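Notes follow the structure.
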4 protein chains.
Amino acid sequence: MLIRLAYDIQFDLPFDTPMVALLHVHPSRTHDLLEPDELHTEPKLDVTSYTDGFGNLCNRFVAPAGHLRLHSTSLIKDTGLPDVVNELAAEIPVAELPNEMLVFLLSSRYCEVDLFTNIAFQLFGQTRPGWPRVQAICDWVHQHITFDYQQASPTKTAMNVYTDRVGVCRDFQHLAITLCRAMNIPARYATGYLGDIGVPVRLPMDFSAWFEVWLDDRWWAFDARNNMPRISRTLMATGRDAADVALTTSFGTAYLSHFFVVTEEEVETPTSQQPLDPETAEPMTDLPYFASPPGA
Amino acid sequence: MLIRLAYDIQFDLPFDTPMVALLHVHPSRTHDLLEPDELHTEPKLDVTSYTDGFGNLCNRFVAPAGHLRLHSTSLIKDTGLPDVVNELAAEIPVAELPNEMLVFLLSSRYCEVDLFTNIAFQLFGQTRPGWPRVQAICDWVHQHITFDYQQASPTKTAMNVYTDRVGVCRDFQHLAITLCRAMNIPARYATGYLGDIGVPVRLPMDFSAWFEVWLDDRWWAFDARNNMPRISRTLMATGRDAADVALTTSFGTAYLSHFFVVTEEEVETPTSQQPLDPETAEPMTDLPYFASPPGA
Amino acid sequence: MLIRLAYDIQFDLPFDTPMVALLHVHPSRTHDLLEPDELHTEPKLDVTSYTDGFGNLCNRFVAPAGHLRLHSTSLIKDTGLPDVVNELAAEIPVAELPNEMLVFLLSSRYCEVDLFTNIAFQLFGQTRPGWPRVQAICDWVHQHITFDYQQASPTKTAMNVYTDRVGVCRDFQHLAITLCRAMNIPARYATGYLGDIGVPVRLPMDFSAWFEVWLDDRWWAFDARNNMPRISRTLMATGRDAADVALTTSFGTAYLSHFFVVTEEEVETPTSQQPLDPETAEPMTDLPYFASPPGA
Amino acid sequence: MLIRLAYDIQFDLPFDTPMVALLHVHPSRTHDLLEPDELHTEPKLDVTSYTDGFGNLCNRFVAPAGHLRLHSTSLIKDTGLPDVVNELAAEIPVAELPNEMLVFLLSSRYCEVDLFTNIAFQLFGQTRPGWPRVQAICDWVHQHITFDYQQASPTKTAMNVYTDRVGVCRDFQHLAITLCRAMNIPARYATGYLGDIGVPVRLPMDFSAWFEVWLDDRWWAFDARNNMPRISRTLMATGRDAADVALTTSFGTAYLSHFFVVTEEEVETPTSQQPLDPETAEPMTDLPYFASPPGA
């Protein structure tokens, strides 16, 4: 299966603003790309690349005051298969986890593991370890949290989600990640493209967040928001939580003015993005996938 | 100057408990050690070592249910000079920071940079950039936060410190780190030994926390708790905040039963620790330097 | 001076919903009314009245599922004078306060006095007691908090305002009230009409919140949002904080669909509200003056 | 049955401190007193009485800097019967509640009803209305919250209890009250004496908190901490939550130095309190039943 990937993100910047973007397809999927995955900027900027501590491909640049456009289009080969389900995947005792996994048991900005010890054990202490426990966590989050774009907040933590019972994609994952870690299961946050393939299309399209847990000897994708195996996840970045892998991090004030994403099956000719007009797709502001931590 | 370093930390464990310890002198100081710096355990355990993502030397082991003792004594050479003060050290624009520094501008578990944007700019927007700004931050924290062991809490974040106005060593540093990051100055958390050398002795002795900021092309030590140049800081570990570098992280319930640290000048004969009797030094429980995130 | 008072508030209710409304002019101003101040409902409902524990005139009714309109228009006589300023009004020692004032020193839902002891004394411990201290509190709040309708939240407390540095009218007053109480000055929340008389008109018009403090032997109006003496405050209700005097409290889900308020000088003929078209005045949703505490 | 009631509470005050005490047996029980219930102070102070807005009998005085002792002993007649259980007591629709009950549906300092709407409906939306629903709430709180004096905090709210899963007597009641109100059941906080009669004695004795709900046409006592019918509750005060009915409220710093309470059956001679030596009963500090809101 071929998947068309594209984005067009625009900002208004009152001042020259240093930015970091994590908008590349993850290095682990580079070999599947059929078209180059390049970040284009308008105005044309001097963009440098580096790999962060989690293995993600990052871009840095300084955008001048005024209007900024970041866009790309690419094509990737996909198995067309849904997420793997393996009910037998086993939980690894902490003592036997690889050293590099330990960091994914700790607390992070949006995943306050230290606050969830009692809650997690009350809710999931009796569940079967391993895959069934992670699935029980996803089920609980999926059933108790309501999706609502209007209540998105970039500062919402797992505990806020647990008490508000409302959130967007990333909030579902933060809560599930935190509950997994509280049960000693390594879990990390993932961002990427996820088309509505094999499911009803929701517009406007958006990037997606899911999470991964370490069972047996590998990472497995889970998704407490959709809570069903999905086709065509295209990973962009992983980290402890959304603080590590914001799509863009602006070191200064940045007003999102346009946001447009395409993830869809490319059936014959690469014209698939035409039916959707960027101008009519409703721009979404206050998206929690963008961070403006300091100096905003 | 020679500094005697020693600790004796004891736990009661209801179950077999995997633990990670960051109790080694930092690799950057290994060449100054005059006696080996080894973690001894009672009972004797199979301890393995690894270096974490921040370059710290870590130990892992599984402690059996019952009583656990971790102890060490070592001797290190020190310049005997106080912390360097360099009022001219300049702030580096975000655009020119090395890639590896960017992570120290982001939010982390105990440093919610995203919540402090307005506060930081109101308080420090008019201060002179660089060293004077960091010093202004330390002064503010030092003057507005009261030290109180009774109000230590391992879940206290920078925002909690800002509103409570009370905390222990690590809390002062978390708040100062967060304010620095909110002003686009990379800052990281540091733990280590800090003897009361050249200042009145406070008993019982304890490990210490301070922080480092990146100015010009290096890290500099600052200490919002003591807020004065001090002699004999012996670094153990650095990280985003205390979640990364807890002295010990227990993956299960662990009751701290004894806590004893020595950091003092070794003048002639290595008998210096005798004046202090471990049995009379008041054991401190609920110390926030220890983490029991999951499964507690 | 004559002031035209009017409101038109509409809800969509999925179910039959018991409601309480505090939309009457306060009993202390009844003698100034030149037209009756009656709550009209569409559909026409059985509305009963009672006086709450704070002396406010309240209405109760059960609104049937569907569309609900609450509206009124009235005319009141006003001195036309701005709020009184009395720099000599003295702080009364707690020991000499009337018994009934003590409750206005305590913590309430949106005014966590117990959390502000340290902050209040650090900020205002050196200010001159009495009127100057209250004014210093208003100045501080006015200077440090930014008004933003977009960031209104009905659950925002004084501490949230203090840390966010952003809020709407009621948030400014909650923070100022809390700081006054923390300094042992009785303070209570007030809601009412406040026209833009003698100041630039801000549209759409809205009800207003301010607060009152007890100095000498009476209550005085202060307003940390506008922070200047204003003309034509028409009191509707007072209480500990907004939880006591929500304009409407719905015991069930209620969607605000239309919100229109008029407060303006009636110069000659009572046609003044015509220039403003209710249909074009932007309806404001998520207004924090409405409460749907339980059963929503 | 005769119940001996006594307390001896002592403070150290750095400054002259105005105080309010709610240490009297509630007026509704005055007719059962066999010995006068008088507040004695050392030094002897000028104490005045008043009734607060909830009908509680309060004392006011100004304690001079130094040591303060508040003590009393009294004897009361009790039915000796356990709390009434009435599974048939019915929930009253909001529309039919007496006006005075509405305030007990609203949010208050420690009972953030507005934050619990989603949680309460998810947990109790399917329970049978009336007594069974209140009992289900008590059961849930009793099963999910652990009692721990060490984790008492005077600023802990119902939401803090819900997330920490740990608390003292008043915390259990605050959470249960909040959940009841979120389900549209009027609930208020109660303090008083509760002896360990017919149950194992827990030392040191303490005052107790419970709560009351309005079902049918009266208030009924519930107790989420003990969650069983108990004998000999002697009511002292009721209010929205602990902010309204702190045993003592100090308008200034007050260090609790001694705390001793007796509630026990007086069998023959009034010597019953002798077996307990006040000097050996462990004094409990940081008790959340005392408030020092402002000026501390």
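Starting from 1 in every chain, residues are counted up; chains themselves are A, B, ... following the order of the structure tokens, and ligands are numbered from 1 as listed.
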
Which residues are near stretch 229-237 of chain C? Cut-off 8 Å, only C-alpha atoms, ignore same chain within fewer than 5 positions. Put them as a PDB file with N, CA, C and O atoms, in the first residue's frame.
ATOM      1  N   ILE C   3     -30.019  54.785  34.593  1.00  0.00           N
ATOM      2  CA  ILE C   3     -29.280  53.701  33.942  1.00  0.00           C
ATOM      3  C   ILE C   3     -30.281  52.652  33.458  1.00  0.00           C
ATOM      4  O   ILE C   3     -31.105  52.152  34.237  1.00  0.00           O
ATOM      5  N   LEU C  22     -29.574  34.420  40.079  1.00  0.00           N
ATOM      6  CA  LEU C  22     -29.346  35.616  40.889  1.00  0.00           C
ATOM      7  C   LEU C  22     -29.213  36.789  39.931  1.00  0.00           C
ATOM      8  O   LEU C  22     -28.134  37.338  39.739  1.00  0.00           O
ATOM      9  N   LEU C  23     -30.309  37.165  39.340  1.00  0.00           N
ATOM     10  CA  LEU C  23     -30.291  38.193  38.302  1.00  0.00           C
ATOM     11  C   LEU C  23     -31.008  39.463  38.728  1.00  0.00           C
ATOM     12  O   LEU C  23     -31.168  40.382  37.935  1.00  0.00           O
ATOM     13  N   HIS C  24     -31.450  39.503  39.980  1.00  0.00           N
ATOM     14  CA  HIS C  24     -32.145  40.689  40.460  1.00  0.00           C
ATOM     15  C   HIS C  24     -31.165  41.762  40.919  1.00  0.00           C
ATOM     16  O   HIS C  24     -30.090  41.458  41.430  1.00  0.00           O
ATOM     17  N   VAL C  25     -31.597  43.003  40.779  1.00  0.00           N
ATOM     18  CA  VAL C  25     -30.889  44.081  41.455  1.00  0.00           C
ATOM     19  C   VAL C  25     -30.953  43.799  42.956  1.00  0.00           C
ATOM     20  O   VAL C  25     -31.951  43.287  43.461  1.00  0.00           O
ATOM     21  N   HIS C  26     -29.879  44.077  43.640  1.00  0.00           N
ATOM     22  CA  HIS C  26     -29.778  43.766  45.065  1.00  0.00           C
ATOM     23  C   HIS C  26     -30.844  44.512  45.870  1.00  0.00           C
ATOM     24  O   HIS C  26     -31.144  45.668  45.565  1.00  0.00           O
ATOM     25  N   ARG C  29     -30.794  48.177  46.671  1.00  0.00           N
ATOM     26  CA  ARG C  29     -30.996  49.192  45.629  1.00  0.00           C
ATOM     27  C   ARG C  29     -32.439  49.236  45.125  1.00  0.00           C
ATOM     28  O   ARG C  29     -32.758  49.987  44.193  1.00  0.00           O
ATOM     29  N   GLY C  55     -28.201  37.494  51.885  1.00  0.00           N
ATOM     30  CA  GLY C  55     -29.124  38.611  51.680  1.00  0.00           C
ATOM     31  C   GLY C  55     -29.435  38.897  50.225  1.00  0.00           C
ATOM     32  O   GLY C  55     -30.009  39.939  49.904  1.00  0.00           O
ATOM     33  N   ASN C  56     -29.085  37.976  49.339  1.00  0.00           N
ATOM     34  CA  ASN C  56     -29.373  38.171  47.924  1.00  0.00           C
ATOM     35  C   ASN C  56     -30.755  37.638  47.578  1.00  0.00           C
ATOM     36  O   ASN C  56     -31.210  36.646  48.146  1.00  0.00           O
ATOM     37  N   LEU C  57     -31.395  38.286  46.615  1.00  0.00           N
ATOM     38  CA  LEU C  57     -32.713  37.862  46.157  1.00  0.00           C
ATOM     39  C   LEU C  57     -32.523  36.837  45.035  1.00  0.00           C
ATOM     40  O   LEU C  57     -31.946  37.150  43.983  1.00  0.00           O
ATOM     41  N   ASP C  78     -29.307  56.550  39.540  1.00  0.00           N
ATOM     42  CA  ASP C  78     -27.936  56.427  40.044  1.00  0.00           C
ATOM     43  C   ASP C  78     -27.404  57.815  40.382  1.00  0.00           C
ATOM     44  O   ASP C  78     -27.786  58.806  39.757  1.00  0.00           O
ATOM     45  N   THR C  79     -26.509  57.875  41.359  1.00  0.00           N
ATOM     46  CA  THR C  79     -25.952  59.179  41.738  1.00  0.00           C
ATOM     47  C   THR C  79     -25.118  59.771  40.611  1.00  0.00           C
ATOM     48  O   THR C  79     -24.900  60.984  40.574  1.00  0.00           O
ATOM     49  N   GLY C  80     -24.633  58.907  39.733  1.00  0.00           N
ATOM     50  CA  GLY C  80     -23.755  59.402  38.689  1.00  0.00           C
ATOM     51  C   GLY C  80     -22.349  59.689  39.192  1.00  0.00           C
ATOM     52  O   GLY C  80     -21.492  60.161  38.433  1.00  0.00           O
ATOM     53  N   LEU C  81     -22.120  59.384  40.458  1.00  0.00           N
ATOM     54  CA  LEU C  81     -20.793  59.646  41.028  1.00  0.00           C
ATOM     55  C   LEU C  81     -19.916  58.408  40.914  1.00  0.00           C
ATOM     56  O   LEU C  81     -20.402  57.280  40.970  1.00  0.00           O
ATOM     57  N   PRO C  82     -18.627  58.628  40.780  1.00  0.00           N
ATOM     58  CA  PRO C  82     -17.729  57.466  40.726  1.00  0.00           C
ATOM     59  C   PRO C  82     -17.602  56.821  42.112  1.00  0.00           C
ATOM     60  O   PRO C  82     -18.000  57.401  43.133  1.00  0.00           O
ATOM     61  N   ASP C  83     -17.009  55.624  42.144  1.00  0.00           N
ATOM     62  CA  ASP C  83     -16.763  54.919  43.406  1.00  0.00           C
ATOM     63  C   ASP C  83     -16.045  55.856  44.384  1.00  0.00           C
ATOM     64  O   ASP C  83     -15.143  56.601  43.997  1.00  0.00           O
ATOM     65  N   VAL C  84     -16.435  55.767  45.628  1.00  0.00           N
ATOM     66  CA  VAL C  84     -15.798  56.596  46.654  1.00  0.00           C
ATOM     67  C   VAL C  84     -14.367  56.119  46.900  1.00  0.00           C
ATOM     68  O   VAL C  84     -14.102  54.920  46.947  1.00  0.00           O
ATOM     69  N   VAL C  85     -13.460  57.068  47.034  1.00  0.00           N
ATOM     70  CA  VAL C  85     -12.083  56.759  47.422  1.00  0.00           C
ATOM     71  C   VAL C  85     -11.836  57.396  48.782  1.00  0.00           C
ATOM     72  O   VAL C  85     -12.117  58.576  48.973  1.00  0.00           O
ATOM     73  N   ALA C 190     -18.596  40.587  44.554  1.00  0.00           N
ATOM     74  CA  ALA C 190     -19.819  41.293  44.168  1.00  0.00           C
ATOM     75  C   ALA C 190     -20.065  41.132  42.679  1.00  0.00           C
ATOM     76  O   ALA C 190     -19.126  41.168  41.878  1.00  0.00           O
ATOM     77  N   THR C 191     -21.323  40.935  42.301  1.00  0.00           N
ATOM     78  CA  THR C 191     -21.673  40.925  40.878  1.00  0.00           C
ATOM     79  C   THR C 191     -22.735  41.971  40.630  1.00  0.00           C
ATOM     80  O   THR C 191     -23.518  42.310  41.523  1.00  0.00           O
ATOM     81  N   GLY C 192     -22.769  42.459  39.409  1.00  0.00           N
ATOM     82  CA  GLY C 192     -23.776  43.452  39.088  1.00  0.00           C
ATOM     83  C   GLY C 192     -23.589  44.001  37.694  1.00  0.00           C
ATOM     84  O   GLY C 192     -22.862  43.433  36.879  1.00  0.00           O
ATOM     85  N   TYR C 193     -24.299  45.074  37.437  1.00  0.00           N
ATOM     86  CA  TYR C 193     -24.184  45.790  36.171  1.00  0.00           C
ATOM     87  C   TYR C 193     -23.121  46.874  36.330  1.00  0.00           C
ATOM     88  O   TYR C 193     -23.045  47.527  37.377  1.00  0.00           O
ATOM     89  N   LEU C 194     -22.314  47.074  35.312  1.00  0.00           N
ATOM     90  CA  LEU C 194     -21.363  48.175  35.311  1.00  0.00           C
ATOM     91  C   LEU C 194     -21.246  48.688  33.880  1.00  0.00           C
ATOM     92  O   LEU C 194     -20.657  48.028  33.018  1.00  0.00           O
ATOM     93  N   GLY C 195     -21.860  49.824  33.633  1.00  0.00           N
ATOM     94  CA  GLY C 195     -21.821  50.363  32.277  1.00  0.00           C
ATOM     95  C   GLY C 195     -20.493  51.029  31.993  1.00  0.00           C
ATOM     96  O   GLY C 195     -19.771  51.425  32.911  1.00  0.00           O
ATOM     97  N   ILE C 197     -19.508  53.947  31.363  1.00  0.00           N
ATOM     98  CA  ILE C 197     -19.924  55.350  31.410  1.00  0.00           C
ATOM     99  C   ILE C 197     -18.721  56.187  31.819  1.00  0.00           C
ATOM    100  O   ILE C 197     -18.101  55.932  32.853  1.00  0.00           O
ATOM    101  N   GLY C 198     -18.380  57.132  30.965  1.00  0.00           N
ATOM    102  CA  GLY C 198     -17.191  57.948  31.221  1.00  0.00           C
ATOM    103  C   GLY C 198     -15.907  57.269  30.822  1.00  0.00           C
ATOM    104  O   GLY C 198     -14.819  57.760  31.086  1.00  0.00           O
ATOM    105  N   VAL C 245     -22.566  33.159  44.134  1.00  0.00           N
ATOM    106  CA  VAL C 245     -23.429  34.105  43.422  1.00  0.00           C
ATOM    107  C   VAL C 245     -23.318  33.966  41.905  1.00  0.00           C
ATOM    108  O   VAL C 245     -23.279  34.967  41.180  1.00  0.00           O
TER     109      VAL C 245
END

What lies within 8 Å of stretch 7-16 of chain B using only C-alpha atoms, ignoring chain neighbours under 4 positions off, as a PyMOL selection string? chain B and resi 62-73+252-262

Which of stretch 27-269 of chain C fall in helix (DSSP H, G or I), as a count of residues only: 65

What are the closest atom pairs, with distances in Å to one decimal, for all residues of chain A lying within 9 Å of chain B? Consider only C-alpha atoms, order rows by chain and residue number, and present the result as a tab-separated table.
residue	atom	partner	partner_atom	distance
A:Thr17	CA	B:Ala95	CA	8.6
A:Pro18	CA	B:Ala95	CA	5.6
A:Met19	CA	B:Ala95	CA	8.2
A:Tyr50	CA	B:Asn99	CA	7.2
A:Thr51	CA	B:Asn99	CA	8.7
A:Asp52	CA	B:Glu100	CA	7.6
A:Gly53	CA	B:Gly53	CA	7.5
A:Arg60	CA	B:Ala95	CA	8.1
A:Phe61	CA	B:Ala95	CA	7.3
A:Val62	CA	B:Ala95	CA	6.5
A:Pro93	CA	B:Pro18	CA	8.9
A:Val94	CA	B:Pro18	CA	6.5
A:Ala95	CA	B:Pro18	CA	5.6
A:Asn99	CA	B:Tyr50	CA	7.2
A:Glu100	CA	B:Asp52	CA	7.6
A:Val103	CA	B:Asp244	CA	7.9
A:Leu105	CA	B:Pro294	CA	7.6
A:Leu106	CA	B:Pro293	CA	6.8
A:Ser107	CA	B:Arg109	CA	6.1
A:Ser108	CA	B:Arg109	CA	4.3
A:Arg109	CA	B:Arg109	CA	3.9
A:Tyr110	CA	B:Arg109	CA	7.1
A:Cys111	CA	B:Arg109	CA	7.6
A:Glu112	CA	B:Arg109	CA	6.8
A:Val113	CA	B:Pro293	CA	6.1
A:Asp114	CA	B:Pro293	CA	4.7
A:Leu115	CA	B:Thr155	CA	7.3
A:Phe116	CA	B:Pro294	CA	8.2
A:Thr117	CA	B:Pro294	CA	5.8
A:Asn118	CA	B:Ala296	CA	8.1
A:Ala120	CA	B:Gly295	CA	8.8
A:Phe121	CA	B:Gly295	CA	7.6
A:Pro154	CA	B:Asp114	CA	8.4
A:Thr155	CA	B:Asp114	CA	6.8
A:Arg181	CA	B:Pro294	CA	6.7
A:Ala182	CA	B:Pro294	CA	4.4
A:Met183	CA	B:Pro294	CA	6.0
A:Asn184	CA	B:Pro294	CA	5.8
A:Ala243	CA	B:Ser107	CA	6.4
A:Asp244	CA	B:Leu106	CA	7.7
A:Phe251	CA	B:Asn184	CA	7.4
A:Ala291	CA	B:Asp114	CA	8.2
A:Ser292	CA	B:Asp114	CA	7.5
A:Pro293	CA	B:Asp114	CA	4.8
A:Pro294	CA	B:Ala182	CA	4.3
A:Gly295	CA	B:Met183	CA	6.0
A:Ala296	CA	B:Thr117	CA	6.5

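The residues of stretch 138-206 of chain A that DSSP assigns to strand (DSSP E or B) on this backbone come out as A:Thr146, A:Phe147, A:Val166, A:Gly167, A:Ala187, A:Arg188, A:Tyr189, A:Ala190, A:Thr191, A:Gly192, A:Tyr193.
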
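For the pair atom CA of B:Pro129 and atom CA of B:Ile92, the interatomic distance is 9.4 Å.
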
Which polymer residues have any atom within 10 Å of an atom of D:Leu75, counting only C-alpha atoms, with same-chain residues fewer than 4 positions away left out, as number ranges by chain? D: 2-6, 32-37, 263-266, 270

Print the selection's residues with C-alpha atoms to a file, as a PDB file, in the first residue's frame.
ATOM      1  CA  LEU D   2     -23.484   8.704  79.846  1.00  0.00           C
ATOM      2  CA  ILE D   3     -20.552   9.972  77.808  1.00  0.00           C
ATOM      3  CA  ARG D   4     -17.647  11.858  79.326  1.00  0.00           C
ATOM      4  CA  LEU D   5     -16.442  14.596  76.984  1.00  0.00           C
ATOM      5  CA  ALA D   6     -13.204  16.438  77.579  1.00  0.00           C
ATOM      6  CA  ASP D  32     -28.655  16.419  77.008  1.00  0.00           C
ATOM      7  CA  LEU D  33     -25.766  17.980  78.923  1.00  0.00           C
ATOM      8  CA  LEU D  34     -25.536  16.888  82.549  1.00  0.00           C
ATOM      9  CA  GLU D  35     -22.572  19.105  83.301  1.00  0.00           C
ATOM     10  CA  PRO D  36     -21.991  22.554  81.849  1.00  0.00           C
ATOM     11  CA  ASP D  37     -19.966  22.628  78.676  1.00  0.00           C
ATOM     12  CA  THR D 263     -14.828  10.540  74.670  1.00  0.00           C
ATOM     13  CA  GLU D 264     -15.813   7.508  76.644  1.00  0.00           C
ATOM     14  CA  GLU D 265     -18.628   5.901  78.453  1.00  0.00           C
ATOM     15  CA  GLU D 266     -18.933   7.003  82.067  1.00  0.00           C
ATOM     16  CA  PRO D 270     -16.696  10.193  86.941  1.00  0.00           C
TER      17      PRO D 270
END

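Reported to one decimal place, the separation of atom CA of C:Glu38 from atom CA of C:Val213 is 29.3 Å.
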
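Counting from atom CA of A:Asp223, the distance to atom CA of A:Leu175 is 11.1 Å.
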